[in-house]
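*Asks:* Quick one, input.json (JSON, C-alpha atoms):
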```json
[["chain", "number", "residue", "atom", "x", "y", "z"],
["A", 1, "MET", "CA", 17.90, 17.02, -0.39],
["A", 2, "ARG", "CA", 19.70, 20.36, -0.53],
["A", 3, "GLU", "CA", 20.72, 21.35, -4.04],
["A", 4, "ARG", "CA", 24.46, 21.72, -4.56],
["A", 5, "THR", "CA", 25.79, 25.17, -5.31],
["A", 6, "LEU", "CA", 28.56, 25.77, -7.82],
["A", 7, "TRP", "CA", 31.13, 25.82, -5.02],
["A", 8, "THR", "CA", 30.18, 22.33, -3.79],
["A", 9, "ARG", "CA", 30.00, 20.56, -7.14],
["A", 10, "PRO", "CA", 32.77, 17.95, -7.63],
["A", 11, "TYR", "CA", 33.66, 19.03, -11.17],
["A", 12, "PHE", "CA", 34.15, 22.58, -10.01],
["A", 13, "GLY", "CA", 36.39, 21.20, -7.26],
["A", 14, "VAL", "CA", 38.45, 19.37, -9.88],
["A", 15, "LEU", "CA", 38.79, 22.53, -11.97],
["A", 16, "LEU", "CA", 39.80, 24.60, -8.95],
["A", 17, "GLY", "CA", 42.25, 21.89, -7.93],
["A", 18, "VAL", "CA", 43.93, 21.91, -11.36],
["A", 19, "VAL", "CA", 44.27, 25.71, -11.22],
["A", 20, "ALA", "CA", 45.74, 25.51, -7.70],
["A", 21, "VAL", "CA", 48.40, 22.89, -8.48],
["A", 22, "SER", "CA", 49.34, 24.68, -11.71],
["A", 23, "PHE", "CA", 50.75, 27.52, -9.59],
["A", 24, "ALA", "CA", 53.31, 25.27, -7.86],
["A", 25, "ALA", "CA", 56.05, 25.64, -10.48],
["A", 26, "ILE", "CA", 55.37, 29.38, -10.78],
["A", 27, "PHE", "CA", 55.67, 30.02, -7.03],
["A", 28, "ILE", "CA", 58.87, 27.95, -6.89],
["A", 29, "ARG", "CA", 60.43, 29.96, -9.71],
["A", 30, "LEU", "CA", 59.48, 33.23, -8.00],
["A", 31, "CYS", "CA", 61.19, 32.20, -4.75],
["A", 32, "GLN", "CA", 64.65, 33.74, -4.47],
["A", 33, "ALA", "CA", 65.90, 30.89, -2.31],
["A", 34, "PRO", "CA", 67.89, 27.64, -2.77],
["A", 35, "PRO", "CA", 65.78, 24.74, -4.11],
["A", 36, "LEU", "CA", 66.29, 22.49, -1.07],
["A", 37, "ALA", "CA", 65.14, 25.31, 1.21],
["A", 38, "VAL", "CA", 62.07, 25.90, -0.96],
["A", 39, "ALA", "CA", 61.19, 22.19, -0.83],
["A", 40, "PHE", "CA", 61.70, 22.13, 2.95],
["A", 41, "TYR", "CA", 59.49, 25.14, 3.63],
["A", 42, "ARG", "CA", 56.76, 23.79, 1.35],
["A", 43, "MET", "CA", 56.50, 20.55, 3.33],
["A", 44, "ALA", "CA", 57.15, 22.08, 6.76],
["A", 45, "LEU", "CA", 54.59, 24.88, 6.40],
["A", 46, "ALA", "CA", 51.97, 22.42, 5.11],
["A", 47, "ALA", "CA", 52.59, 20.19, 8.15],
["A", 48, "VAL", "CA", 52.37, 23.17, 10.53],
["A", 49, "VAL", "CA", 49.00, 24.20, 9.06],
["A", 50, "LEU", "CA", 47.72, 20.63, 9.58],
["A", 51, "LEU", "CA", 49.02, 20.41, 13.17],
["A", 52, "PRO", "CA", 45.96, 22.00, 14.88],
["A", 53, "LEU", "CA", 43.67, 19.53, 13.06],
["A", 54, "MET", "CA", 45.91, 16.68, 14.18],
["A", 55, "VAL", "CA", 45.74, 17.86, 17.79],
["A", 56, "HIS", "CA", 41.96, 18.16, 17.55],
["A", 57, "ARG", "CA", 41.17, 14.75, 16.05],
["A", 58, "GLY", "CA", 44.13, 13.26, 14.20],
["A", 59, "TRP", "CA", 46.18, 11.73, 17.01],
["A", 60, "SER", "CA", 43.35, 9.42, 18.04],
["A", 61, "GLN", "CA", 43.27, 8.00, 14.49],
["A", 62, "LEU", "CA", 46.88, 6.89, 14.86],
["A", 63, "ALA", "CA", 46.02, 4.71, 17.86],
["A", 64, "GLY", "CA", 46.29, 1.03, 17.06],
["A", 65, "LEU", "CA", 48.17, 1.57, 13.80],
["A", 66, "ARG", "CA", 50.40, -1.41, 13.08],
["A", 67, "LYS", "CA", 54.16, -0.82, 13.19],
["A", 68, "ALA", "CA", 54.50, -2.11, 9.62],
["A", 69, "ALA", "CA", 51.93, 0.43, 8.39],
["A", 70, "LEU", "CA", 53.66, 3.22, 10.32],
["A", 71, "ALA", "CA", 57.01, 2.22, 8.79],
["A", 72, "ARG", "CA", 55.49, 2.32, 5.28],
["A", 73, "ALA", "CA", 54.01, 5.76, 5.96],
["A", 74, "LEU", "CA", 57.41, 7.05, 7.06],
["A", 75, "LEU", "CA", 59.03, 5.46, 3.99],
["A", 76, "ALA", "CA", 56.43, 7.15, 1.79],
["A", 77, "GLY", "CA", 57.36, 10.45, 3.45],
["A", 78, "LEU", "CA", 61.04, 9.87, 2.65],
["A", 79, "PHE", "CA", 60.19, 9.24, -1.01],
["A", 80, "LEU", "CA", 58.03, 12.38, -1.02],
["A", 81, "GLY", "CA", 60.90, 14.41, 0.44],
["A", 82, "ILE", "CA", 63.34, 13.20, -2.22],
["A", 83, "HIS", "CA", 60.70, 13.86, -4.91],
["A", 84, "MET", "CA", 60.24, 17.44, -3.71],
["A", 85, "GLY", "CA", 63.98, 18.05, -3.45],
["A", 86, "VAL", "CA", 64.88, 16.88, -6.96],
["A", 87, "TRP", "CA", 61.77, 18.25, -8.71],
["A", 88, "VAL", "CA", 62.06, 21.72, -7.18],
["A", 89, "SER", "CA", 65.74, 21.68, -8.17],
["A", 90, "SER", "CA", 64.81, 20.83, -11.76],
["A", 91, "LEU", "CA", 62.92, 24.11, -12.10],
["A", 92, "TYR", "CA", 66.19, 26.00, -11.54],
["A", 93, "PHE", "CA", 67.77, 24.39, -14.62],
["A", 94, "THR", "CA", 65.08, 23.71, -17.22],
["A", 95, "SER", "CA", 61.85, 25.31, -18.42],
["A", 96, "VAL", "CA", 58.60, 25.07, -16.49],
["A", 97, "ALA", "CA", 56.96, 23.20, -19.38],
["A", 98, "SER", "CA", 59.69, 20.53, -19.63],
["A", 99, "SER", "CA", 59.93, 20.06, -15.86],
["A", 100, "VAL", "CA", 56.19, 19.75, -15.17],
["A", 101, "ILE", "CA", 55.51, 17.51, -18.18],
["A", 102, "LEU", "CA", 58.42, 15.16, -17.38],
["A", 103, "VAL", "CA", 57.50, 14.89, -13.69],
["A", 104, "SER", "CA", 53.96, 13.97, -14.79],
["A", 105, "THR", "CA", 55.35, 10.67, -16.12],
["A", 106, "GLN", "CA", 55.22, 9.35, -12.54],
["A", 107, "SER", "CA", 52.30, 7.07, -13.46],
["A", 108, "ILE", "CA", 54.51, 5.41, -16.09],
["A", 109, "PHE", "CA", 57.17, 4.65, -13.50],
["A", 110, "ALA", "CA", 54.47, 3.31, -11.17],
["A", 111, "ILE", "CA", 53.31, 0.86, -13.85],
["A", 112, "LEU", "CA", 56.86, -0.18, -14.77],
["A", 113, "PHE", "CA", 57.66, -0.63, -11.08],
["A", 114, "SER", "CA", 54.57, -2.80, -10.56],
["A", 115, "HIS", "CA", 55.41, -4.86, -13.67],
["A", 116, "LEU", "CA", 59.10, -5.43, -12.92],
["A", 117, "VAL", "CA", 58.97, -5.80, -9.14],
["A", 118, "ILE", "CA", 55.46, -7.04, -8.31],
["A", 119, "LYS", "CA", 55.19, -8.93, -11.65],
["A", 120, "GLU", "CA", 51.80, -7.42, -12.51],
["A", 121, "LYS", "CA", 50.77, -8.03, -16.13],
["A", 122, "VAL", "CA", 50.66, -5.07, -18.50],
["A", 123, "SER", "CA", 48.15, -5.07, -21.37],
["A", 124, "GLY", "CA", 49.08, -4.16, -24.93],
["A", 125, "GLY", "CA", 47.07, -0.94, -24.73],
["A", 126, "VAL", "CA", 48.85, 0.17, -21.56],
["A", 127, "LEU", "CA", 52.23, -0.70, -23.09],
["A", 128, "LEU", "CA", 51.40, 1.39, -26.17],
["A", 129, "ALA", "CA", 50.44, 4.36, -23.97],
["A", 130, "VAL", "CA", 53.71, 4.02, -22.04],
["A", 131, "LEU", "CA", 55.76, 3.91, -25.27],
["A", 132, "ILE", "CA", 54.02, 7.02, -26.64],
["A", 133, "ALA", "CA", 54.69, 8.96, -23.44],
["A", 134, "LEU", "CA", 58.31, 7.77, -23.29],
["A", 135, "ALA", "CA", 58.85, 8.79, -26.93],
["A", 136, "GLY", "CA", 57.49, 12.22, -26.07],
["A", 137, "SER", "CA", 59.94, 12.45, -23.15],
["A", 138, "VAL", "CA", 62.82, 11.64, -25.54],
["A", 139, "LEU", "CA", 61.66, 14.44, -27.87],
["A", 140, "ILE", "CA", 61.62, 16.91, -24.98],
["A", 141, "GLY", "CA", 65.14, 15.85, -24.01],
["A", 142, "GLY", "CA", 66.30, 16.12, -27.62],
["A", 143, "SER", "CA", 64.85, 19.62, -27.90],
["A", 144, "ASP", "CA", 66.50, 20.72, -24.66],
["A", 145, "MET", "CA", 69.87, 19.23, -25.66],
["A", 146, "SER", "CA", 70.65, 22.29, -27.76],
["A", 147, "LEU", "CA", 70.13, 24.52, -24.72],
["A", 148, "GLY", "CA", 73.10, 23.08, -22.83],
["A", 149, "ARG", "CA", 74.00, 20.58, -20.13],
["A", 150, "GLU", "CA", 72.24, 22.48, -17.36],
["A", 151, "THR", "CA", 68.91, 22.15, -19.15],
["A", 152, "LEU", "CA", 69.43, 18.40, -19.59],
["A", 153, "LEU", "CA", 70.32, 18.20, -15.89],
["A", 154, "GLY", "CA", 66.98, 19.84, -15.12],
["A", 155, "ASP", "CA", 65.18, 17.32, -17.33],
["A", 156, "GLY", "CA", 66.98, 14.48, -15.56],
["A", 157, "LEU", "CA", 66.03, 15.84, -12.14],
["A", 158, "ALA", "CA", 62.39, 16.10, -13.25],
["A", 159, "LEU", "CA", 62.43, 12.44, -14.35],
["A", 160, "ALA", "CA", 64.05, 11.48, -11.04],
["A", 161, "GLY", "CA", 61.25, 13.39, -9.33],
["A", 162, "ALA", "CA", 58.73, 11.33, -11.31],
["A", 163, "LEU", "CA", 60.39, 8.10, -10.19],
["A", 164, "MET", "CA", 60.34, 9.18, -6.53],
["A", 165, "ALA", "CA", 56.70, 10.25, -6.84],
["A", 166, "ALA", "CA", 55.84, 6.81, -8.22],
["A", 167, "LEU", "CA", 57.57, 5.11, -5.28],
["A", 168, "TYR", "CA", 55.71, 7.49, -2.95],
["A", 169, "MET", "CA", 52.36, 6.54, -4.48],
["A", 170, "VAL", "CA", 53.04, 2.79, -4.55],
["A", 171, "THR", "CA", 54.33, 2.78, -0.96],
["A", 172, "GLY", "CA", 51.50, 4.91, 0.39],
["A", 173, "ARG", "CA", 48.69, 3.06, -1.36],
["A", 174, "ARG", "CA", 48.53, 0.22, 1.21],
["A", 175, "VAL", "CA", 48.92, 2.59, 4.15],
["A", 176, "ARG", "CA", 45.86, 4.58, 3.06],
["A", 177, "GLN", "CA", 43.79, 1.40, 3.44],
["A", 178, "GLU", "CA", 44.50, 1.48, 7.18],
["A", 179, "LEU", "CA", 44.96, 5.18, 7.88],
["A", 180, "PRO", "CA", 42.57, 8.11, 7.24],
["A", 181, "LEU", "CA", 43.68, 11.00, 5.03],
["A", 182, "LEU", "CA", 44.51, 13.60, 7.72],
["A", 183, "PRO", "CA", 47.02, 11.60, 9.82],
["A", 184, "TYR", "CA", 48.51, 10.06, 6.67],
["A", 185, "VAL", "CA", 49.31, 13.35, 4.93],
["A", 186, "PHE", "CA", 50.54, 14.84, 8.21],
["A", 187, "LEU", "CA", 52.94, 11.93, 8.68],
["A", 188, "VAL", "CA", 54.30, 12.04, 5.14],
["A", 189, "TYR", "CA", 54.56, 15.85, 5.02],
["A", 190, "SER", "CA", 56.35, 15.90, 8.39],
["A", 191, "THR", "CA", 58.73, 13.11, 7.42],
["A", 192, "ALA", "CA", 59.52, 14.81, 4.12],
["A", 193, "ALA", "CA", 60.16, 18.09, 5.95],
["A", 194, "VAL", "CA", 62.54, 16.41, 8.44],
["A", 195, "LEU", "CA", 64.51, 14.76, 5.61],
["A", 196, "LEU", "CA", 64.75, 17.99, 3.64],
["A", 197, "GLY", "CA", 65.71, 19.91, 6.78],
["A", 198, "ILE", "CA", 68.57, 17.48, 7.45],
["A", 199, "CYS", "CA", 69.73, 17.85, 3.83],
["A", 200, "CYS", "CA", 69.70, 21.62, 4.21],
["A", 201, "LEU", "CA", 71.89, 21.36, 7.32],
["A", 202, "VAL", "CA", 74.29, 18.85, 5.73],
["A", 203, "PHE", "CA", 74.75, 20.94, 2.58],
["A", 204, "ARG", "CA", 74.76, 24.22, 4.57],
["A", 205, "VAL", "CA", 71.86, 25.67, 2.63],
["A", 206, "LYS", "CA", 70.92, 29.24, 3.46],
["A", 207, "MET", "CA", 67.58, 29.10, 5.32],
["A", 208, "THR", "CA", 66.94, 32.76, 6.19],
["A", 209, "GLY", "CA", 67.71, 36.25, 4.99],
["A", 210, "TYR", "CA", 65.67, 36.03, 1.79],
["A", 211, "PRO", "CA", 63.90, 39.00, 0.16],
["A", 212, "GLY", "CA", 60.54, 39.74, 1.79],
["A", 213, "GLN", "CA", 58.50, 38.55, -1.20],
["A", 214, "THR", "CA", 60.14, 35.12, -1.05],
["A", 215, "TYR", "CA", 58.42, 34.35, 2.25],
["A", 216, "LEU", "CA", 55.07, 35.25, 0.67],
["A", 217, "TRP", "CA", 55.72, 32.85, -2.23],
["A", 218, "LEU", "CA", 56.75, 30.10, 0.22],
["A", 219, "VAL", "CA", 53.52, 30.47, 2.21],
["A", 220, "LEU", "CA", 51.43, 30.50, -0.98],
["A", 221, "LEU", "CA", 53.32, 27.42, -2.22],
["A", 222, "ALA", "CA", 52.35, 25.51, 0.93],
["A", 223, "LEU", "CA", 48.74, 26.73, 0.96],
["A", 224, "VAL", "CA", 47.58, 26.86, -2.67],
["A", 225, "PRO", "CA", 49.00, 23.87, -4.60],
["A", 226, "THR", "CA", 49.79, 21.67, -1.60],
["A", 227, "LEU", "CA", 46.87, 22.04, 0.80],
["A", 228, "VAL", "CA", 44.12, 23.50, -1.41],
["A", 229, "GLY", "CA", 44.95, 21.67, -4.66],
["A", 230, "HIS", "CA", 45.67, 18.20, -3.33],
["A", 231, "THR", "CA", 42.94, 18.40, -0.70],
["A", 232, "LEU", "CA", 40.37, 19.20, -3.39],
["A", 233, "PHE", "CA", 41.48, 16.22, -5.45],
["A", 234, "ASN", "CA", 41.15, 13.95, -2.42],
["A", 235, "TRP", "CA", 37.69, 15.41, -1.69],
["A", 236, "THR", "CA", 36.42, 14.87, -5.24],
["A", 237, "LEU", "CA", 37.51, 11.22, -5.15],
["A", 238, "LYS", "CA", 34.45, 10.64, -2.96],
["A", 239, "TYR", "CA", 32.11, 11.74, -5.76],
["A", 240, "LEU", "CA", 33.94, 11.09, -9.05],
["A", 241, "PRO", "CA", 35.67, 8.04, -10.58],
["A", 242, "ALA", "CA", 39.44, 7.90, -10.04],
["A", 243, "TYR", "CA", 40.15, 8.07, -13.77],
["A", 244, "VAL", "CA", 38.40, 11.46, -13.96],
["A", 245, "ILE", "CA", 40.85, 12.78, -11.37],
["A", 246, "GLY", "CA", 43.76, 11.12, -13.18],
["A", 247, "VAL", "CA", 42.85, 12.71, -16.51],
["A", 248, "SER", "CA", 42.22, 16.06, -14.81],
["A", 249, "LEU", "CA", 45.74, 16.06, -13.35],
["A", 250, "LEU", "CA", 47.03, 16.26, -16.91],
["A", 251, "GLY", "CA", 45.74, 19.82, -16.84],
["A", 252, "GLU", "CA", 48.58, 20.80, -14.46],
["A", 253, "PRO", "CA", 51.34, 20.81, -17.12],
["A", 254, "ILE", "CA", 49.07, 22.76, -19.46],
["A", 255, "GLY", "CA", 48.14, 25.29, -16.77],
["A", 256, "SER", "CA", 51.75, 25.68, -15.61],
["A", 257, "THR", "CA", 52.98, 26.18, -19.19],
["A", 258, "VAL", "CA", 50.36, 28.86, -19.86],
["A", 259, "LEU", "CA", 51.18, 30.64, -16.59],
["A", 260, "ALA", "CA", 54.93, 30.44, -17.35],
["A", 261, "TYR", "CA", 54.27, 32.16, -20.68],
["A", 262, "PHE", "CA", 52.52, 35.10, -19.04],
["A", 263, "VAL", "CA", 54.78, 35.36, -15.96],
["A", 264, "PHE", "CA", 58.22, 34.51, -17.40],
["A", 265, "GLY", "CA", 57.68, 34.76, -21.15],
["A", 266, "GLU", "CA", 58.66, 31.10, -21.64],
["A", 267, "VAL", "CA", 57.59, 29.59, -24.96],
["A", 268, "PRO", "CA", 58.31, 25.86, -25.52],
["A", 269, "ALA", "CA", 60.30, 25.00, -28.65],
["A", 270, "LEU", "CA", 58.37, 23.21, -31.41],
["A", 271, "LEU", "CA", 60.01, 19.83, -30.74],
["A", 272, "ALA", "CA", 59.40, 20.18, -27.00],
["A", 273, "PHE", "CA", 55.78, 21.13, -27.71],
["A", 274, "VAL", "CA", 55.29, 18.01, -29.85],
["A", 275, "GLY", "CA", 56.95, 15.88, -27.19],
["A", 276, "GLY", "CA", 54.72, 17.38, -24.51],
["A", 277, "VAL", "CA", 51.60, 16.59, -26.51],
["A", 278, "MET", "CA", 52.82, 12.99, -26.91],
["A", 279, "VAL", "CA", 53.52, 12.63, -23.19],
["A", 280, "LEU", "CA", 50.12, 14.00, -22.19],
["A", 281, "GLY", "CA", 48.38, 11.93, -24.87],
["A", 282, "GLY", "CA", 50.13, 8.77, -23.68],
["A", 283, "LEU", "CA", 49.25, 9.50, -20.06],
["A", 284, "TYR", "CA", 45.62, 10.12, -21.04],
["A", 285, "LEU", "CA", 45.46, 6.74, -22.81],
["A", 286, "LEU", "CA", 47.16, 5.15, -19.82],
["A", 287, "VAL", "CA", 44.58, 6.45, -17.34],
["A", 288, "ARG", "CA", 41.67, 5.38, -19.55],
["A", 289, "LYS", "CA", 43.12, 1.90, -20.12],
["A", 290, "GLU", "CA", 43.63, 1.38, -16.40],
["A", 291, "GLU", "CA", 40.05, 2.42, -15.69],
["A", 292, "ALA", "CA", 38.74, 0.07, -18.40],
["A", 293, "VAL", "CA", 40.63, -2.82, -16.80],
["A", 294, "LYS", "CA", 39.21, -1.93, -13.36],
["A", 295, "ARG", "CA", 35.66, -1.92, -14.76],
["A", 296, "VAL", "CA", 36.16, -5.38, -16.30],
["A", 297, "VAL", "CA", 37.89, -6.89, -13.27],
["A", 298, "GLY", "CA", 35.75, -5.19, -10.64]]
```
Mind turning this structure into structure tokens?
*Replies:*
Amino acid sequence: MRERTLWTRPYFGVLLGVVAVSFAAIFIRLCQAPPLAVAFYRMALAAVVLLPLMVHRGWSQLAGLRKAALARALLAGLFLGIHMGVWVSSLYFTSVASSVILVSTQSIFAILFSHLVIKEKVSGGVLLAVLIALAGSVLIGGSDMSLGRETLLGDGLALAGALMAALYMVTGRRVRQELPLLPYVFLVYSTAAVLLGICCLVFRVKMTGYPGQTYLWLVLLALVPTLVGHTLFNWTLKYLPAYVIGVSLLGEPIGSTVLAYFVFGEVPALLAFVGGVMVLGGLYLLVRKEEAVKRVVG
């Protein structure tokens, strides 16, 4: 058996993936373009890059897909489009740290959604983790309250982005059981791009005429965090337990906050810092509790 090099080891892939997705908020902030346009170009460019692969082998994988599964994939794409639109917008009103930490609460919304709608039982340990993370979110909001209404609007948009991301994950979970990764992500990226493009037309968002560097940031946004980062996470799922990936994703808010300090000079307030630690700690407990339940049940 050929020995793995550093570049092909799963844990290195996880680390590289965390670094890649941590740049998303930074690239968005650097774009001198309206938020809806930034969200549209991120999804559209990612879909365009995937198109040659779809032509080569992806279309055949869509053959025989049930209409119900196709409808769920399109619905997941709509949720992804709304998630991108509101989360990217949040970065224009609040700090990188607050936005990225609050949008990371998507797993909490997924659990609450499953409990309230699907009536899945929630253990005491999971409930405690959710309460800790929610308390941390309240602290972040309380800290940002002194910065004005626009900052609170950004926090609210980030939480709305978390809710939409949870709906995207819950909706897409069943589709992924029937559809391979490539055609699935192409469908959801394309659907999200179409929705965002329509929104740009309806709200008469400026789509061209940006400074030259903006187009570079838009391309990097589509390539680095979207295609490289998320693709690496999906690749490592073949070799590592899901909870390892879940815990690793908590590195994105940390990485984005550190990058925001060096690029924009943003330093989280003490109360926001404490709230961020509580959110990440609660999410860490949440991921570990879910994995423990899976080991017992499975």
*Asks:* At a cut-off of 10 Å, using only C-alpha atoms, what residues contact Trp59 of chain A? Leave out same-chain residues fewer than 5 positions from it and give the result as a list in words.
*Replies:*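 My reading of the contact set: Leu51, Leu53, Met54, Leu182 and Pro183 of chain A.
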*Asks:* List as a list of chain:residue names the protein and nucleic acid residues near Ala76 of chain A, meaning an atom at most 6 Å away when all atoms listed in the file are counted, but skip any in the same chain fewer than 6 places from it.
*Replies:* A:Tyr168, A:Thr171, A:Gly172
*Asks:* Give as a short mmCIF file (atom, residue, chain, number, x, y, z; two decimals) with C-alpha atoms, in the coordinates of the input each residue that has an atom at most 10 Å from (53.6, 30.5, -0.1) in the file, counting all atoms listed in the file.
*Replies:*
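Result went into selection_38.cif, see below:
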```cif
data_model
loop_
_atom_site.label_atom_id
_atom_site.label_comp_id
_atom_site.auth_asym_id
_atom_site.auth_seq_id
_atom_site.Cartn_x
_atom_site.Cartn_y
_atom_site.Cartn_z
CA ALA A 24 53.31 25.27 -7.86
CA PHE A 27 55.67 30.02 -7.03
CA ILE A 28 58.87 27.95 -6.89
CA CYS A 31 61.19 32.20 -4.75
CA VAL A 38 62.07 25.90 -0.96
CA TYR A 41 59.49 25.14 3.63
CA ARG A 42 56.76 23.79 1.35
CA LEU A 45 54.59 24.88 6.40
CA ALA A 46 51.97 22.42 5.11
CA GLN A 213 58.50 38.55 -1.20
CA THR A 214 60.14 35.12 -1.05
CA TYR A 215 58.42 34.35 2.25
CA LEU A 216 55.07 35.25 0.67
CA TRP A 217 55.72 32.85 -2.23
CA LEU A 218 56.75 30.10 0.22
CA VAL A 219 53.52 30.47 2.21
CA LEU A 220 51.43 30.50 -0.98
CA LEU A 221 53.32 27.42 -2.22
CA ALA A 222 52.35 25.51 0.93
CA LEU A 223 48.74 26.73 0.96
CA VAL A 224 47.58 26.86 -2.67
CA PRO A 225 49.00 23.87 -4.60
CA THR A 226 49.79 21.67 -1.60
#
```
*Asks:* Identify the residues around (59.9, 15.7, 8.8) within a radius of 10 Å, measuring from all atoms listed in the file in the coordinates stated by the file, and give them as a list in words.
*Replies:* Phe40, Met43, Ala44, Ala47, Leu74, Gly77, Leu78, Gly81, Phe186, Leu187, Val188, Tyr189, Ser190, Thr191, Ala192, Ala193, Val194, Leu195, Leu196, Gly197 and Ile198 of chain A
*Asks:* Find the distance between atom CA of Ala97 of chain A and atom CA of Cys200 of chain A and write it in Å to one decimal.
*Replies:*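 Taking atom CA of Ala97 of chain A as the start and atom CA of Cys200 of chain A as the end point, the length is 26.9 Å.
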*Asks:* Of the residues A:Arg174, A:Leu102, A:Val274, A:Thr208, which is the one nearest to Leu152 of chain A, using all atoms listed in the file?
*Replies:*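 Going through A:Arg174, A:Leu102, A:Val274, A:Thr208 one by one, the smallest distance to Leu152 of chain A is for A:Leu102.
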*Asks:* Enter the distance from atom CA of Val19 of chain A to atom CA of Ser104 of chain A, in Å, rounded to one decimal.
*Replies:* 15.6 Å
*Asks:* Do a neighbour search on Leu271 of chain A at 8 Å with only C-alpha atoms, toss out local chain neighbours closer than 5 positions, and write the hits as JSON, numbers by chain.
*Replies:* {"A": [139, 140, 142, 143]}
*Asks:* With C-alpha atoms retained, could you export that selection as a PDB file, in the coordinates of the input?
*Replies:*
```
ATOM      1  CA  LEU A 139      61.660  14.440 -27.870  1.00  0.00           C
ATOM      2  CA  ILE A 140      61.620  16.910 -24.980  1.00  0.00           C
ATOM      3  CA  GLY A 142      66.300  16.120 -27.620  1.00  0.00           C
ATOM      4  CA  SER A 143      64.850  19.620 -27.900  1.00  0.00           C
TER       5      SER A 143
END
```
